[in-house]
Structure formats: structure tokens, C-alpha cells
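Take a look at the structure set out below.
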Amino acid sequence: MRRRTVLAGGLATVFSAPWAAAWAQTQPVEVTLGPVTRQPLPRYVSLRKRANVRRGPGGQHRIDWVFLHPGTPLRVVAEFDVWRKVVDADGAGGWVNKFFLLSRRTVIVRAARTGLFDAPDARGVLVAELEEGVIATLTACEGAWCAVDAQGHTGWLQREAVWGVDPEG
């Protein structure tokens, strides 16, 4: 069984090739509506709590691994009944019951270190430095910057430093 975890201290255990997330973020995004929810596909959600990731949409399918850390950002790419096919920041995917997903948006820091500023500008006041693997609540994005709340620190960071938002939208 494959397991994924992101520790609260900001460390990440990575099981896939590091280029997978970069490749996924550079591909054009074609939006359609999901057949069940009529919400856009793909779309981003976050993990409510520990969840089994299954090979197919149903409890009878094999568990491939377990998402362990609440708040982990996931990208929903397909829907079937109460099941959502999700992909994580490393490009790994599988089916999760919708009960384990929240519409609250989060992002995960993918850069080794990134600055959190008081304004959407690198010349602003540095509020904090975030390490790779830190999960932050997303509040808004404007151009190349996203506003987040990261473990009690609120500010702006560069969109390219995180996974959980599309590069241009």
C-alpha cells in the first residue's frame, strides 16, 4: 500500500518524480462540467481528513494508498456517483469518496523556500518564509500572486511557488 503524508512542520514525503508537478502545471487546462455536480472539471479541493485512495470509483476497488494530512490540496479531474478522481501535487491520482473532500481551497508550497509578503509585490514587507511542503489556505489570486493564510501568517506569495492553482487562472 502506498502512503502519502505532509507533516505539519512543512516537510513533505515525495514518492513521484519531481518533474511531474511542473509538467502538469504547464499543460493547457480545458474546463468542462462534471456529469454529477455540474461543477467545473478540473477544479481544486482540499482533503477533509485521512482518506483511502482507490483504483476505481467504488468501495470494492483496491486501495492504492492513503492521503493522511487534512488540508492537502487535490485536483478533481473526474466524477462518478459519490466518487471523485483526484490528482495530488506529485501527479499521483485515484478515486476518493466525496465525503473526504472540502471545497475550501488550499495550496502546497513547491519551492524550497518562498517569501510571504504583505502585498502582491516582492518589494513589500516580508511577513514570513515558507518551506516546501507547507499547506496554506488560499483566499485569492491576482495575476502572478496569491493571497494565503499559512499557519497564522497572512500575506501574498508568488503563484509559481505553489501547487493548487492553475498557472494562468
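Simple scheme: letters A, B, ... for chains in C-alpha cells order, numbers from 1 for residues in each chain, numbers from 1 for ligands in the order shown.
All residues within chain A that the backbone DSSP calculation assigns to alpha helix (DSSP H) are A:Trp19, A:Ala20, A:Ala21, A:Ala22, A:Trp23, A:Ala24, A:Gln25, A:Thr26.
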(request) Quick one: everything within 6 Å of Val96 in chain A, counting only C-alpha atoms, minus sequence neighbours fewer than 4 positions away in the same chain. Send it as a ChimeraX atom specification. (result) /A:53,83-84
Write a file of the just-selected residues containing C-alpha atoms, as a compact mmCIF listing (two decimals), in the first residue's frame.
```
# COMPACT_ATOMS: atom_id res chain seq x y z
CA VAL A 53 -7.31 6.38 -2.49
CA TRP A 83 -16.63 9.29 -6.11
CA ARG A 84 -14.14 11.90 -7.29
```
(request) Work out how far apart CA of Ala161 in chain A and CA of Trp65 in chain A are and give it in Å to one decimal. (result) 26.3 Å
May I have a table of the residues of range 49-101 of chain A lying at most 12 Å from range 119-134 of chain A, giving each one's closest pair of atoms and their distance in Å to one decimal, counting only C-alpha atoms, ordered by chain and ascending residue number, as a Markdown table?
```
| residue | atom | partner | partner_atom | distance |
| --- | --- | --- | --- | --- |
| A:His69 | CA | A:Gly133 | CA | 11.2 |
| A:Gly71 | CA | A:Val134 | CA | 10.3 |
| A:Thr72 | CA | A:Val134 | CA | 9.6 |
| A:Pro73 | CA | A:Val134 | CA | 11.0 |
| A:Ala89 | CA | A:Gly133 | CA | 10.1 |
| A:Asp90 | CA | A:Gly133 | CA | 11.4 |
```
Next, the residues of the selection above should be written as a tab-separated table (two decimals), in the first residue's frame with all heavy atoms.
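Contents of the output file again-v5.tsv:
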```tsv
chain	number	residue	atom	x	y	z
A	69	HIS	N	-2.87	13.73	5.47
A	69	HIS	CA	-2.88	15.05	6.09
A	69	HIS	C	-4.07	15.91	5.67
A	69	HIS	O	-4.20	16.28	4.50
A	69	HIS	CB	-1.58	15.78	5.76
A	69	HIS	CG	-1.41	17.04	6.54
A	69	HIS	ND1	-1.18	17.05	7.88
A	69	HIS	CD2	-1.47	18.34	6.16
A	69	HIS	CE1	-1.09	18.30	8.30
A	69	HIS	NE2	-1.27	19.09	7.28
A	71	GLY	N	-6.30	18.99	4.74
A	71	GLY	CA	-5.93	20.25	4.11
A	71	GLY	C	-5.14	20.08	2.83
A	71	GLY	O	-4.97	21.04	2.08
A	72	THR	N	-4.66	18.89	2.55
A	72	THR	CA	-3.89	18.67	1.33
A	72	THR	C	-4.69	19.10	0.11
A	72	THR	O	-5.84	18.69	-0.05
A	72	THR	CB	-3.52	17.17	1.19
A	72	THR	OG1	-2.72	16.80	2.31
A	72	THR	CG2	-2.76	16.90	-0.09
A	73	PRO	N	-4.10	19.94	-0.77
A	73	PRO	CA	-4.83	20.33	-1.98
A	73	PRO	C	-4.86	19.17	-2.98
A	73	PRO	O	-3.87	18.44	-3.14
A	73	PRO	CB	-4.01	21.50	-2.53
A	73	PRO	CG	-2.64	21.32	-1.97
A	73	PRO	CD	-2.81	20.61	-0.66
A	89	ALA	N	-0.28	16.92	-5.82
A	89	ALA	CA	0.80	17.77	-6.31
A	89	ALA	C	1.91	17.00	-7.00
A	89	ALA	O	2.66	17.55	-7.80
A	89	ALA	CB	1.38	18.60	-5.16
A	90	ASP	N	2.02	15.71	-6.71
A	90	ASP	CA	3.06	14.88	-7.33
A	90	ASP	C	2.57	14.18	-8.59
A	90	ASP	O	3.30	13.41	-9.19
A	90	ASP	CB	3.56	13.84	-6.33
A	90	ASP	CG	4.21	14.47	-5.13
A	90	ASP	OD1	4.92	15.48	-5.30
A	90	ASP	OD2	4.01	13.98	-4.00
```
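If you look at CA of Val107 in chain A and CA of Gly143 in chain A, they are 15.9 Å away from each other.
Here CA of Lys98 in chain A stands at a distance of 9.6 Å from CA of Leu47 in chain A.
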(request) Using DSSP on the backbone, list every residue of range 13-151 of chain A that comes out as strand (DSSP E or B), and give them as a count of residues only. (result) 68
(request) Please provide as JSON, numbers by chain all residues within 10 Å of Tyr44 in chain A, with the sequence filter that same-chain residues fewer than 2 positions apart are discarded (counting only C-alpha atoms). (result) {"A": [40, 41, 42, 46, 73, 74, 75, 76, 77, 86, 87, 88, 101, 102, 103, 104, 105, 106, 107, 164, 165, 166]}
